[in-house]
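Here is protein_20.txt, consisting of compact mmCIF, C-alpha atoms:
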```
# COMPACT_ATOMS: atom_id res chain seq x y z
CA ALA G 1 -25.55 -38.87 33.00
CA ILE G 2 -24.85 -38.58 36.73
CA ALA G 3 -21.32 -39.89 36.24
CA VAL G 4 -20.64 -37.30 33.52
CA VAL G 5 -22.00 -34.46 35.65
CA ASP G 6 -19.96 -35.64 38.63
CA ARG G 7 -16.77 -35.60 36.56
CA VAL G 8 -17.46 -32.08 35.31
CA LEU G 9 -18.22 -30.84 38.84
CA GLY G 10 -15.40 -32.72 40.54
CA VAL G 11 -17.84 -34.53 42.84
CA ARG G 12 -16.22 -36.69 45.50
CA PRO G 13 -17.46 -38.73 48.47
CA THR G 14 -17.32 -37.59 52.07
CA THR G 15 -19.23 -38.12 55.32
CA VAL G 16 -21.40 -36.04 57.63
CA VAL G 17 -19.81 -34.70 60.81
CA ASP G 18 -22.99 -33.24 62.33
CA LEU G 19 -26.10 -31.15 61.85
CA ARG G 20 -27.06 -28.32 64.15
CA PRO G 21 -29.65 -25.56 64.20
CA GLU G 22 -28.36 -22.04 63.56
CA THR G 23 -31.75 -20.33 63.98
CA PRO G 24 -35.33 -21.64 64.18
CA THR G 25 -35.39 -21.86 60.36
CA LEU G 26 -31.73 -22.39 59.42
CA VAL G 27 -29.64 -25.52 59.90
CA SER G 28 -25.98 -26.13 59.22
CA VAL G 29 -24.41 -29.38 58.09
CA ARG G 30 -20.70 -30.04 58.56
CA LEU G 31 -18.85 -32.51 56.36
CA GLU G 32 -15.46 -34.12 56.57
CA ARG G 33 -13.18 -32.11 54.29
CA PRO G 34 -11.99 -34.41 51.48
CA ALA G 35 -8.25 -34.61 50.98
CA GLY G 36 -7.06 -31.81 48.73
CA PHE G 37 -10.37 -29.92 48.83
CA ALA G 38 -9.32 -26.31 48.22
CA TYR G 39 -11.57 -23.29 48.19
CA ARG G 40 -11.69 -19.54 48.70
CA ALA G 41 -13.84 -17.84 51.29
CA GLY G 42 -17.17 -16.84 49.74
CA GLN G 43 -17.43 -19.74 47.29
CA PHE G 44 -20.14 -22.41 47.07
CA ALA G 45 -20.28 -26.12 46.29
CA LEU G 46 -22.94 -28.65 45.37
CA LEU G 47 -24.07 -31.25 47.88
CA ARG G 48 -25.36 -34.54 46.44
CA LEU G 49 -27.76 -36.53 48.60
CA ALA G 50 -29.69 -39.77 48.23
CA THR G 51 -33.35 -38.75 48.46
CA SER G 52 -36.62 -40.68 48.27
CA ALA G 53 -36.88 -39.48 44.66
CA GLY G 54 -33.33 -40.53 43.75
CA PRO G 55 -29.94 -38.77 43.80
CA ASP G 56 -30.15 -34.98 43.86
CA LEU G 57 -27.61 -32.18 44.18
CA ARG G 58 -28.07 -28.50 45.04
CA PRO G 59 -25.70 -25.52 45.36
CA LEU G 60 -25.04 -24.34 48.90
CA SER G 61 -22.77 -21.50 50.04
CA LEU G 62 -19.80 -22.47 52.19
CA ALA G 63 -20.13 -20.86 55.61
CA SER G 64 -16.78 -22.27 56.73
CA SER G 65 -13.51 -20.57 55.88
CA PRO G 66 -10.54 -22.31 54.25
CA ASN G 67 -8.59 -22.34 57.53
CA GLU G 68 -11.24 -24.56 59.18
CA GLY G 69 -11.04 -28.32 59.19
CA ALA G 70 -14.62 -29.24 58.25
CA LEU G 71 -16.81 -27.96 55.42
CA ARG G 72 -19.85 -26.10 56.76
CA PHE G 73 -22.99 -25.41 54.76
CA VAL G 74 -26.15 -23.64 55.88
CA THR G 75 -29.61 -24.04 54.41
CA ARG G 76 -33.16 -23.07 55.24
CA ARG G 77 -35.52 -25.76 56.47
CA GLY G 78 -38.22 -26.69 53.98
CA PRO G 79 -40.66 -29.36 52.83
CA SER G 80 -38.88 -30.38 49.61
CA VAL G 81 -37.66 -33.93 49.16
CA TYR G 82 -34.07 -32.66 49.10
CA LYS G 83 -34.43 -30.62 52.30
CA GLN G 84 -36.05 -33.54 54.11
CA ALA G 85 -33.19 -35.82 53.08
CA LEU G 86 -30.69 -33.23 54.32
CA LEU G 87 -32.47 -32.78 57.66
CA ALA G 88 -32.48 -36.56 58.17
CA LEU G 89 -28.69 -36.86 57.84
CA GLN G 90 -26.80 -38.41 60.74
CA PRO G 91 -23.10 -38.28 61.68
CA GLY G 92 -21.19 -40.74 59.52
CA ASP G 93 -23.72 -40.78 56.69
CA PRO G 94 -22.15 -40.79 53.20
CA VAL G 95 -22.77 -37.82 50.91
CA LYS G 96 -20.97 -36.29 47.95
CA VAL G 97 -19.66 -32.75 47.47
CA SER G 98 -18.50 -30.99 44.32
CA ARG G 99 -15.44 -28.81 43.91
CA ALA G 100 -15.80 -25.23 45.09
CA MET G 101 -17.10 -22.68 42.58
CA GLY G 102 -17.84 -18.98 42.30
CA SER G 103 -15.90 -15.71 42.20
CA PHE G 104 -17.54 -14.01 45.20
CA ARG G 105 -14.54 -13.25 47.39
CA LEU G 106 -13.11 -10.45 49.48
CA ASP G 107 -10.49 -8.11 48.03
CA PRO G 108 -7.95 -7.96 50.88
CA THR G 109 -6.54 -4.63 49.68
CA ARG G 110 -9.79 -2.62 49.83
CA PRO G 111 -12.15 -1.61 52.66
CA ALA G 112 -15.32 -3.68 52.51
CA VAL G 113 -18.98 -3.17 53.31
CA LEU G 114 -20.79 -6.51 53.58
CA LEU G 115 -24.57 -6.39 53.18
CA SER G 116 -26.44 -9.58 53.91
CA GLY G 117 -30.05 -10.66 54.16
CA GLY G 118 -31.13 -13.89 55.86
CA ILE G 119 -29.24 -16.95 54.71
CA GLY G 120 -26.90 -14.69 52.72
CA ALA G 121 -24.91 -14.52 55.95
CA ALA G 122 -23.25 -17.86 55.07
CA PRO G 123 -20.65 -16.59 52.56
CA MET G 124 -20.18 -13.46 54.66
CA ARG G 125 -19.29 -15.56 57.68
CA SER G 126 -16.78 -17.45 55.52
CA MET G 127 -15.11 -14.27 54.28
CA VAL G 128 -14.99 -12.53 57.67
CA SER G 129 -13.56 -15.62 59.36
CA ALA G 130 -10.90 -15.97 56.67
CA ALA G 131 -10.00 -12.28 56.92
CA ALA G 132 -9.56 -12.54 60.69
CA ALA G 133 -7.50 -15.74 60.38
CA ALA G 134 -5.23 -14.06 57.82
CA GLY G 135 -4.63 -11.10 60.12
CA LEU G 136 -6.06 -8.55 57.69
CA THR G 137 -6.38 -4.98 58.90
CA THR G 138 -8.46 -3.46 56.10
CA PRO G 139 -11.72 -1.97 57.46
CA LEU G 140 -14.78 -4.23 57.39
CA ARG G 141 -18.35 -3.06 57.93
CA LEU G 142 -21.12 -5.65 58.19
CA LEU G 143 -24.83 -4.87 57.89
CA PHE G 144 -26.86 -8.04 58.45
CA SER G 145 -30.62 -7.90 57.91
CA ASN G 146 -33.02 -10.40 59.47
CA HIS G 147 -36.70 -10.31 60.34
CA THR G 148 -36.30 -11.09 64.05
CA VAL G 149 -33.44 -11.31 66.54
CA ASP G 150 -33.68 -15.09 66.85
CA GLU G 151 -33.25 -15.39 63.06
CA ILE G 152 -29.74 -13.87 63.10
CA PRO G 153 -27.24 -16.62 62.23
CA PHE G 154 -23.66 -16.61 63.54
CA ARG G 155 -24.35 -13.64 65.83
CA ASP G 156 -22.07 -14.70 68.70
CA GLU G 157 -19.30 -15.79 66.33
CA LEU G 158 -19.35 -12.54 64.38
CA GLU G 159 -19.39 -10.41 67.51
CA ARG G 160 -16.32 -12.26 68.80
CA LEU G 161 -14.59 -11.75 65.47
CA ALA G 162 -15.45 -8.05 65.51
CA GLN G 163 -13.87 -7.68 68.94
CA ALA G 164 -10.68 -9.42 67.84
CA TYR G 165 -10.39 -7.76 64.41
CA SER G 166 -8.56 -4.46 64.24
CA ASP G 167 -11.26 -2.51 62.36
CA MET G 168 -14.58 -4.32 62.07
CA LYS G 169 -18.06 -3.09 62.95
CA VAL G 170 -21.29 -5.12 62.82
CA THR G 171 -24.77 -3.62 62.54
CA TRP G 172 -27.73 -5.94 63.13
CA VAL G 173 -30.76 -4.75 61.17
CA VAL G 174 -33.92 -6.36 62.63
CA THR G 175 -36.66 -5.54 60.16
CA SER G 176 -39.54 -6.36 62.52
CA GLN G 177 -38.22 -3.72 64.94
CA THR G 178 -36.37 -1.05 62.97
CA GLY G 179 -37.27 -1.68 59.33
CA ARG G 180 -34.97 -2.49 56.44
CA ILE G 181 -31.49 -1.23 55.58
CA THR G 182 -31.87 2.43 54.67
CA ASP G 183 -30.28 4.94 52.33
CA GLU G 184 -29.04 6.81 55.40
CA GLN G 185 -27.16 3.77 56.69
CA LEU G 186 -25.54 3.25 53.31
CA ARG G 187 -24.59 6.90 53.01
CA ARG G 188 -22.78 6.64 56.36
CA GLN G 189 -20.75 3.73 55.03
CA ARG G 190 -20.03 5.63 51.80
CA ASP G 191 -18.83 8.71 53.66
CA GLU G 192 -16.74 6.77 56.19
CA LEU G 193 -15.13 4.46 53.61
CA PRO G 194 -15.13 6.31 50.29
CA ASN G 195 -13.11 3.63 48.48
CA ALA G 196 -14.95 0.59 49.84
CA VAL G 197 -16.16 -2.37 47.81
CA TYR G 198 -19.74 -3.47 48.56
CA TYR G 199 -20.54 -7.18 48.82
CA VAL G 200 -24.24 -8.08 48.65
CA THR G 201 -25.83 -11.47 49.22
CA GLY G 202 -29.21 -12.83 50.25
CA PRO G 203 -32.66 -13.37 48.73
CA ALA G 204 -33.14 -11.92 45.24
CA LEU G 205 -35.53 -9.17 46.36
CA PHE G 206 -33.08 -8.09 49.09
CA VAL G 207 -30.16 -8.00 46.65
CA ARG G 208 -32.06 -5.98 44.07
CA ALA G 209 -33.27 -3.46 46.66
CA VAL G 210 -29.79 -2.97 48.13
CA VAL G 211 -28.14 -2.63 44.71
CA ASP G 212 -30.73 -0.03 43.72
CA MET G 213 -30.00 1.95 46.90
CA LEU G 214 -26.25 1.74 46.35
CA ARG G 215 -26.57 2.96 42.79
CA GLY G 216 -28.91 5.70 44.03
CA ILE G 217 -26.26 7.09 46.39
CA GLY G 218 -23.59 7.10 43.70
CA ILE G 219 -21.80 3.77 44.18
CA SER G 220 -20.56 2.62 40.77
CA ARG G 221 -21.44 -0.88 39.55
CA SER G 222 -17.73 -1.73 39.45
CA ARG G 223 -17.61 -1.43 43.26
CA ILE G 224 -20.54 -3.81 43.88
CA ARG G 225 -19.99 -7.58 44.14
CA LEU G 226 -22.87 -10.06 44.08
CA SER G 227 -22.92 -13.70 45.15
CA LYS G 228 -24.00 -15.85 42.20
CA GLN G 229 -24.25 -19.63 42.18
CA THR G 230 -23.50 -20.20 38.48
CA LEU G 231 -22.77 -23.74 37.33
CA PRO G 232 -20.16 -24.53 34.62
CA PHE G 233 -22.62 -26.02 32.11
```
Could you write out this structure as structure tokens?
Amino acid sequence: AIAVVDRVLGVRPTTVVDLRPETPTLVSVRLERPAGFAYRAGQFALLRLATSAGPDLRPLSLASSPNEGALRFVTRRGPSVYKQALLALQPGDPVKVSRAMGSFRLDPTRPAVLLSGGIGAAPMRSMVSAAAAAGLTTPLRLLFSNHTVDEIPFRDELERLAQAYSDMKVTWVVTSQTGRITDEQLRRQRDELPNAVYYVTGPALFVRAVVDMLRGIGISRSRIRLSKQTLPF
């Protein structure tokens, strides 16, 4: 059964480059990029690990962009058998990664408002990095929501990208200090970029709340994109 699933998902072997903490609760794992591994910024892949309970694979968003050499995934620390196996990985360890999947990607012809909560920053980082590498000039607005300042992933990287990009602004929403993303903040984005597409990713409760606010201020469903990790079976 594993062999059949692996064929359907295009699973192939690779090795771990390194693990590093992104925040106190988030860790990233970088893998050697298999030959011919193609993907679009914003997609996800499945990472197969050998765990104490046997082989297991889980979908993880790609935080790297296609112009980078290694594949970079980010996940939240946790007590599950899979998470413990991931956290125990060492450079050079063998793992397996599926082909890239998902249709969550930036439209390079339209202004974009990216709304992220917590670990949802991973595909956003991928898309922003790819946009900067491609020399895009379409306006980008990022609103990243996290509970505390030390839980903001990729903060330094994104601030450097914002300085280099022709029209990018980043707003850090720290819920323990200022509360959640508000209708007022979204109205400002709507008024400044009336033709923007809205990209939303993060925990399910965050996504639902943001989509409800966007619909409440008149943003049509056709202009809202959601990150979904849907498998082909």
Which neighbours of G:Leu26 fall inside 12 Å, counting only C-alpha atoms, when residues of the same chain fewer than 3 positions from it are skipped, and could you give them as a compact mmCIF listing (two decimals) with C-alpha atoms, in the coordinates of the input?
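File out-v7.txt, as written:
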```
# COMPACT_ATOMS: atom_id res chain seq x y z
CA LEU G 19 -26.10 -31.15 61.85
CA ARG G 20 -27.06 -28.32 64.15
CA PRO G 21 -29.65 -25.56 64.20
CA GLU G 22 -28.36 -22.04 63.56
CA THR G 23 -31.75 -20.33 63.98
CA VAL G 29 -24.41 -29.38 58.09
CA PHE G 73 -22.99 -25.41 54.76
CA VAL G 74 -26.15 -23.64 55.88
CA THR G 75 -29.61 -24.04 54.41
CA ARG G 76 -33.16 -23.07 55.24
CA ARG G 77 -35.52 -25.76 56.47
CA GLY G 78 -38.22 -26.69 53.98
CA LYS G 83 -34.43 -30.62 52.30
CA LEU G 87 -32.47 -32.78 57.66
CA GLY G 118 -31.13 -13.89 55.86
CA ILE G 119 -29.24 -16.95 54.71
CA GLY G 120 -26.90 -14.69 52.72
CA ALA G 121 -24.91 -14.52 55.95
CA ALA G 122 -23.25 -17.86 55.07
CA ASP G 150 -33.68 -15.09 66.85
CA GLU G 151 -33.25 -15.39 63.06
CA ILE G 152 -29.74 -13.87 63.10
CA PRO G 153 -27.24 -16.62 62.23
CA PHE G 154 -23.66 -16.61 63.54
```
Inset, instruction - Tell me which of G:Ala100, G:Ala53, G:Ile219, G:Val128 sits closest to G:Ser80, counting all atoms listed in the file. - result: G:Ala53
Legend entry - Closest of G:Val170, G:Leu46, G:Leu161, G:Leu114 to G:Val207 - atom-to-atom distances counting only C-alpha atoms: G:Leu114
Inset, instruction - For G:Leu47, please output as a PyMOL selection string all residues within 12 Å (counting only C-alpha atoms; exclusion window: fewer than 3 positions along the same chain). - result: chain G and resi 6+9-16+29-31+44+50-51+55-62+71-75+82-83+85-86+94-100
Inset, instruction - Skip G:Ala130 itself and residues of its chain fewer than 6 positions away, then list as number ranges by chain all residues within 9 Å of it, counting only C-alpha atoms. - result: G: 40-41, 64-68, 136
Inset, instruction - Using only C-alpha atoms, determine which residues lie at most 9 Å from G:Ile224, disregarding the query and same-chain residues fewer than 5 positions distant; provide the list as a PyMOL selection string. - result: chain G and resi 197-200+211+214+219
Do you know which residues are at most 12 Å from G:Asp191 counting all atoms listed in the file, after dropping those on the same chain fewer than 3 positions away, and could you put them as a CSV table (one decimal) with C-alpha atoms, in the frame of the given file?
```
chain,number,residue,atom,x,y,z
G,113,VAL,CA,-19.0,-3.2,53.3
G,184,GLU,CA,-29.0,6.8,55.4
G,185,GLN,CA,-27.2,3.8,56.7
G,186,LEU,CA,-25.5,3.2,53.3
G,187,ARG,CA,-24.6,6.9,53.0
G,188,ARG,CA,-22.8,6.6,56.4
G,194,PRO,CA,-15.1,6.3,50.3
G,195,ASN,CA,-13.1,3.6,48.5
G,196,ALA,CA,-15.0,0.6,49.8
G,217,ILE,CA,-26.3,7.1,46.4
G,218,GLY,CA,-23.6,7.1,43.7
G,219,ILE,CA,-21.8,3.8,44.2
```
Inset, instruction - Take atom CA of G:Ala204 and atom CA of G:Val173 and report the distance between them in Å, one decimal. - result: 17.6 Å
Inset, instruction - Select, from G:Gly36, G:Gly92, G:Gly42, G:Gly117, the residue with the minimum atom-to-atom distance to G:Ser129, counting all atoms listed in the file. - result: G:Gly42
Inset, instruction - Work out how far apart atom CA of G:Pro139 and atom CA of G:Arg190 are and give it in Å to one decimal. - result: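 These two atoms are separated by 12.6 Å.
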Inset, instruction - Could you pull out every residue with an atom within 9 Å of (-19.8, -7.4, 58.7), file coordinates, counting all atoms listed in the file, and send them as a ChimeraX atom specification? - result: /G:112-116,124-125,128,140-144,158,162,168-171
Inset, instruction - Tell me, in Å to one decimal, how far atom CA of G:Arg223 is from atom CA of G:Arg110. - result: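 It comes out at 10.3 Å.
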Can you put all heavy atoms back into stretch 197-208 of chain G and show it as a short mmCIF file (atom, residue, chain, number, x, y, z; two decimals), in the coordinates of the input?
```
data_model
loop_
_atom_site.label_atom_id
_atom_site.label_comp_id
_atom_site.auth_asym_id
_atom_site.auth_seq_id
_atom_site.Cartn_x
_atom_site.Cartn_y
_atom_site.Cartn_z
N VAL G 197 -15.43 -1.47 48.70
CA VAL G 197 -16.16 -2.37 47.81
C VAL G 197 -17.36 -2.90 48.59
O VAL G 197 -17.25 -3.21 49.78
CB VAL G 197 -15.26 -3.52 47.33
CG1 VAL G 197 -16.05 -4.52 46.48
CG2 VAL G 197 -14.07 -3.00 46.56
N TYR G 198 -18.50 -3.03 47.91
CA TYR G 198 -19.74 -3.47 48.56
C TYR G 198 -20.08 -4.89 48.11
O TYR G 198 -20.19 -5.17 46.91
CB TYR G 198 -20.89 -2.52 48.20
CG TYR G 198 -20.71 -1.14 48.80
CD1 TYR G 198 -19.82 -0.23 48.22
CD2 TYR G 198 -21.38 -0.75 49.95
CE1 TYR G 198 -19.62 1.03 48.76
CE2 TYR G 198 -21.19 0.51 50.50
CZ TYR G 198 -20.31 1.39 49.90
OH TYR G 198 -20.11 2.64 50.44
N TYR G 199 -20.23 -5.78 49.08
CA TYR G 199 -20.54 -7.18 48.82
C TYR G 199 -21.97 -7.43 49.28
O TYR G 199 -22.31 -7.19 50.44
CB TYR G 199 -19.57 -8.08 49.58
CG TYR G 199 -18.13 -7.85 49.22
CD1 TYR G 199 -17.39 -6.81 49.81
CD2 TYR G 199 -17.49 -8.65 48.28
CE1 TYR G 199 -16.07 -6.57 49.47
CE2 TYR G 199 -16.16 -8.42 47.93
CZ TYR G 199 -15.46 -7.39 48.53
OH TYR G 199 -14.15 -7.16 48.19
N VAL G 200 -22.81 -7.93 48.37
CA VAL G 200 -24.24 -8.08 48.65
C VAL G 200 -24.67 -9.51 48.40
O VAL G 200 -24.40 -10.09 47.34
CB VAL G 200 -25.08 -7.13 47.76
CG1 VAL G 200 -26.54 -7.15 48.22
CG2 VAL G 200 -24.53 -5.71 47.77
N THR G 201 -25.35 -10.10 49.38
CA THR G 201 -25.83 -11.47 49.22
C THR G 201 -27.08 -11.67 50.05
O THR G 201 -27.27 -11.04 51.09
CB THR G 201 -24.74 -12.48 49.64
OG1 THR G 201 -25.21 -13.80 49.42
CG2 THR G 201 -24.34 -12.31 51.08
N GLY G 202 -27.94 -12.56 49.57
CA GLY G 202 -29.21 -12.83 50.25
C GLY G 202 -30.29 -13.14 49.24
O GLY G 202 -30.01 -13.38 48.05
N PRO G 203 -31.56 -13.13 49.66
CA PRO G 203 -32.66 -13.37 48.73
C PRO G 203 -32.66 -12.35 47.59
O PRO G 203 -32.20 -11.22 47.75
CB PRO G 203 -33.91 -13.22 49.61
CG PRO G 203 -33.42 -13.46 51.01
CD PRO G 203 -32.02 -12.95 51.05
N ALA G 204 -33.20 -12.76 46.44
CA ALA G 204 -33.14 -11.92 45.24
C ALA G 204 -33.75 -10.54 45.45
O ALA G 204 -33.19 -9.54 45.01
CB ALA G 204 -33.83 -12.64 44.08
N LEU G 205 -34.88 -10.47 46.14
CA LEU G 205 -35.53 -9.17 46.36
C LEU G 205 -34.65 -8.27 47.22
O LEU G 205 -34.56 -7.06 46.98
CB LEU G 205 -36.90 -9.36 47.02
CG LEU G 205 -38.00 -9.94 46.13
CD1 LEU G 205 -39.27 -10.17 46.95
CD2 LEU G 205 -38.29 -9.01 44.95
N PHE G 206 -33.99 -8.85 48.24
CA PHE G 206 -33.08 -8.09 49.09
C PHE G 206 -31.92 -7.55 48.26
O PHE G 206 -31.57 -6.37 48.35
CB PHE G 206 -32.57 -8.97 50.23
CG PHE G 206 -31.46 -8.36 51.03
CD1 PHE G 206 -31.74 -7.52 52.10
CD2 PHE G 206 -30.13 -8.61 50.72
CE1 PHE G 206 -30.72 -6.94 52.84
CE2 PHE G 206 -29.10 -8.04 51.46
CZ PHE G 206 -29.41 -7.20 52.52
N VAL G 207 -31.32 -8.41 47.45
CA VAL G 207 -30.16 -8.00 46.65
C VAL G 207 -30.53 -6.87 45.70
O VAL G 207 -29.82 -5.87 45.60
CB VAL G 207 -29.59 -9.21 45.89
CG1 VAL G 207 -28.52 -8.76 44.89
CG2 VAL G 207 -29.00 -10.23 46.86
N ARG G 208 -31.66 -7.02 45.01
CA ARG G 208 -32.06 -5.98 44.07
C ARG G 208 -32.31 -4.64 44.78
O ARG G 208 -31.90 -3.58 44.28
CB ARG G 208 -33.33 -6.41 43.32
CG ARG G 208 -33.07 -7.43 42.23
CD ARG G 208 -34.22 -7.48 41.24
NE ARG G 208 -35.42 -8.02 41.85
CZ ARG G 208 -35.74 -9.31 41.88
NH1 ARG G 208 -34.92 -10.20 41.34
NH2 ARG G 208 -36.87 -9.71 42.42
#
```
